[in-house]
Structure formats: structure tokens, C-alpha cells
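Engineer: Dropping in data_31.pdb, which is PDB, C-alpha atoms:
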ATOM      1  CA  MET A 103       5.409  -2.790 -14.464
ATOM      2  CA  THR A 104       7.481  -0.559 -12.249
ATOM      3  CA  VAL A 105       6.856  -0.056  -8.556
ATOM      4  CA  ARG A 106       5.588   3.471  -9.300
ATOM      5  CA  GLU A 107       3.140   2.239 -11.944
ATOM      6  CA  SER A 108       1.814  -0.369  -9.545
ATOM      7  CA  ALA A 109       1.457   2.253  -6.820
ATOM      8  CA  ARG A 110      -0.428   4.601  -9.149
ATOM      9  CA  ILE A 111      -2.928   1.889 -10.018
ATOM     10  CA  GLN A 112      -3.572   1.472  -6.289
ATOM     11  CA  SER A 113      -4.092   5.266  -5.864
ATOM     12  CA  PHE A 114      -0.854   6.086  -4.020
ATOM     13  CA  PRO A 115       0.202   9.699  -4.632
ATOM     14  CA  ASP A 116       3.271  10.201  -6.798
ATOM     15  CA  ASP A 117       5.204  11.750  -3.914
ATOM     16  CA  TYR A 118       4.762   8.661  -1.698
ATOM     17  CA  VAL A 119       8.176   7.077  -1.088
ATOM     18  CA  PHE A 120       8.725   3.328  -0.876
ATOM     19  CA  LEU A 121      11.995   2.401   0.787
ATOM     20  CA  GLY A 122      14.161  -0.664   0.514
ATOM     21  CA  LYS A 123      15.283  -2.937  -2.270
ATOM     22  CA  TYR A 124      13.101  -3.463  -5.295
ATOM     23  CA  THR A 125      13.020  -7.214  -4.820
ATOM     24  CA  THR A 126      14.627  -9.912  -2.689
ATOM     25  CA  GLY A 127      14.547 -13.643  -2.595
ATOM     26  CA  GLY A 128      15.243 -16.668  -0.492
ATOM     27  CA  GLU A 129      16.223 -16.151   3.119
ATOM     28  CA  ARG A 130      16.457 -12.361   2.731
ATOM     29  CA  ARG A 131      12.676 -12.103   2.368
ATOM     30  CA  LYS A 132      12.411 -12.918   6.081
ATOM     31  CA  TYR A 133      14.207  -9.648   6.902
ATOM     32  CA  ASP A 134      13.629  -7.315   3.942
ATOM     33  CA  VAL A 135      10.277  -6.219   2.584
ATOM     34  CA  PRO A 136      10.958  -5.219  -1.009
ATOM     35  CA  ARG A 137       9.155  -2.325  -2.681
ATOM     36  CA  TYR A 138       7.093  -4.542  -4.955
ATOM     37  CA  THR A 139       5.844  -6.451  -1.916
ATOM     38  CA  GLN A 140       5.064  -3.234  -0.032
ATOM     39  CA  VAL A 141       2.811  -2.095  -2.869
ATOM     40  CA  ALA A 142       1.261  -5.507  -3.457
ATOM     41  CA  ASN A 143       0.379  -6.020   0.231
ATOM     42  CA  ALA A 144      -0.898  -2.489   0.812
ATOM     43  CA  VAL A 145      -4.503  -1.410   1.162
ATOM     44  CA  PRO A 146      -5.095   1.198  -1.577
ATOM     45  CA  PRO A 147      -5.319   4.660   0.060
ATOM     46  CA  LEU A 148      -8.609   5.646  -1.592
ATOM     47  CA  PHE A 149     -10.222   2.395  -0.464
ATOM     48  CA  ALA A 150      -8.903   2.857   3.081
ATOM     49  CA  GLU A 151     -10.331   6.382   3.144
ATOM     50  CA  LEU A 152     -13.755   5.145   2.061
ATOM     51  CA  VAL A 153     -13.746   2.393   4.689
ATOM     52  CA  GLY A 154     -12.873   4.975   7.337
ATOM     53  CA  LEU A 155     -15.672   7.288   6.219
ATOM     54  CA  VAL A 156     -18.240   4.472   6.242
ATOM     55  CA  LEU A 157     -17.141   3.340   9.709
ATOM     56  CA  GLN A 158     -17.302   6.916  10.975
ATOM     57  CA  GLU A 159     -20.821   7.293   9.599
ATOM     58  CA  MET A 160     -21.905   3.994  11.167
ATOM     59  CA  LEU A 161     -20.506   4.996  14.573
ATOM     60  CA  ASN A 162     -22.151   8.419  14.425
ATOM     61  CA  ASN A 163     -25.549   6.864  13.676
ATOM     62  CA  GLU A 164     -25.589   4.688  16.805
TER      63      GLU A 164
END
Show how you would write the structure in this file as C-alpha cells.
Structural biologist:
Amino acid sequence: MTVRESARIQSFPDDYVFLGKYTTGGERRKYDVPRYTQVANAVPPLFAELVGLVLQEMLNNE
């Protein structure tokens, strides 16, 4: 799968830009966060939106 395909599955919009190398290894991973890792470690945007809405509702009901 490409980085874009992975991002689509996680609900990132197609115009969202991931920067950096596609992948790194060894010692470089301490300094570079490759695109595949950025997508894999991200919270999907639609999920984050829902969490925010639920928290907002909970805070408004107190």
C-alpha cells in the first residue's frame, strides 16, 4: 500500500500533505519520522472529531 492509500483508509483528506522520506531505518529513525510512520501513528481525523464532539457534549452537560 502507498502512503496515500493508508491515509485514505484512516480518513485523511486527499489534500493532506505528509512531509519527509517515505521510510528510514537504523539510526536515522531517531531523527526522521518517515511518512509511513506518520500515518501509522496518527489518530484518524474522523475518530478525533468524534472524540472531541463527545467530550464537548460531556462538558456542556455538567
Engineer: My list of candidates is A:Val135, A:Val145, A:Leu161, A:Leu155. Which is closest to Ile111 of chain A when distances are computed with only C-alpha atoms?
Structural biologist: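 Closest to Ile111 of chain A of all the choices is A:Val145.
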Engineer: Name the residues in contact with Val105 of chain A at a cut-off of 9 Å, using all atoms listed in the file, excluding same-chain residues fewer than 4 positions from it; report them as a PyMOL selection string.
Structural biologist: chain A and resi 109-110+120+124+137-138+141
Engineer: Fewer than 3 positions away in the same chain doesn't count, so skip those; otherwise give me all residues within 12 Å of Gln112 of chain A, counting all atoms listed in the file, as a compact mmCIF listing (two decimals) with C-alpha atoms, in the frame of the given file.
Structural biologist:
# COMPACT_ATOMS: atom_id res chain seq x y z
CA VAL A 105 6.86 -0.06 -8.56
CA ARG A 106 5.59 3.47 -9.30
CA GLU A 107 3.14 2.24 -11.94
CA SER A 108 1.81 -0.37 -9.54
CA ALA A 109 1.46 2.25 -6.82
CA PRO A 115 0.20 9.70 -4.63
CA ASP A 116 3.27 10.20 -6.80
CA TYR A 118 4.76 8.66 -1.70
CA GLN A 140 5.06 -3.23 -0.03
CA VAL A 141 2.81 -2.10 -2.87
CA ALA A 142 1.26 -5.51 -3.46
CA ASN A 143 0.38 -6.02 0.23
CA ALA A 144 -0.90 -2.49 0.81
CA VAL A 145 -4.50 -1.41 1.16
CA PRO A 146 -5.10 1.20 -1.58
CA PRO A 147 -5.32 4.66 0.06
CA LEU A 148 -8.61 5.65 -1.59
CA PHE A 149 -10.22 2.40 -0.46
CA ALA A 150 -8.90 2.86 3.08
Engineer: If I take atom CA of Pro136 of chain A and atom CA of Met103 of chain A, how far is one from the other in Å, to one decimal?
Structural biologist: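 Here the two named atoms are 14.8 Å from each other.
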Engineer: Report, in Å with one decimal, the straight-line distance from atom CA of Gly154 of chain A to atom CA of Leu121 of chain A.
Structural biologist: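 One can read the atom CA of Gly154 of chain A to atom CA of Leu121 of chain A distance as 25.8 Å.
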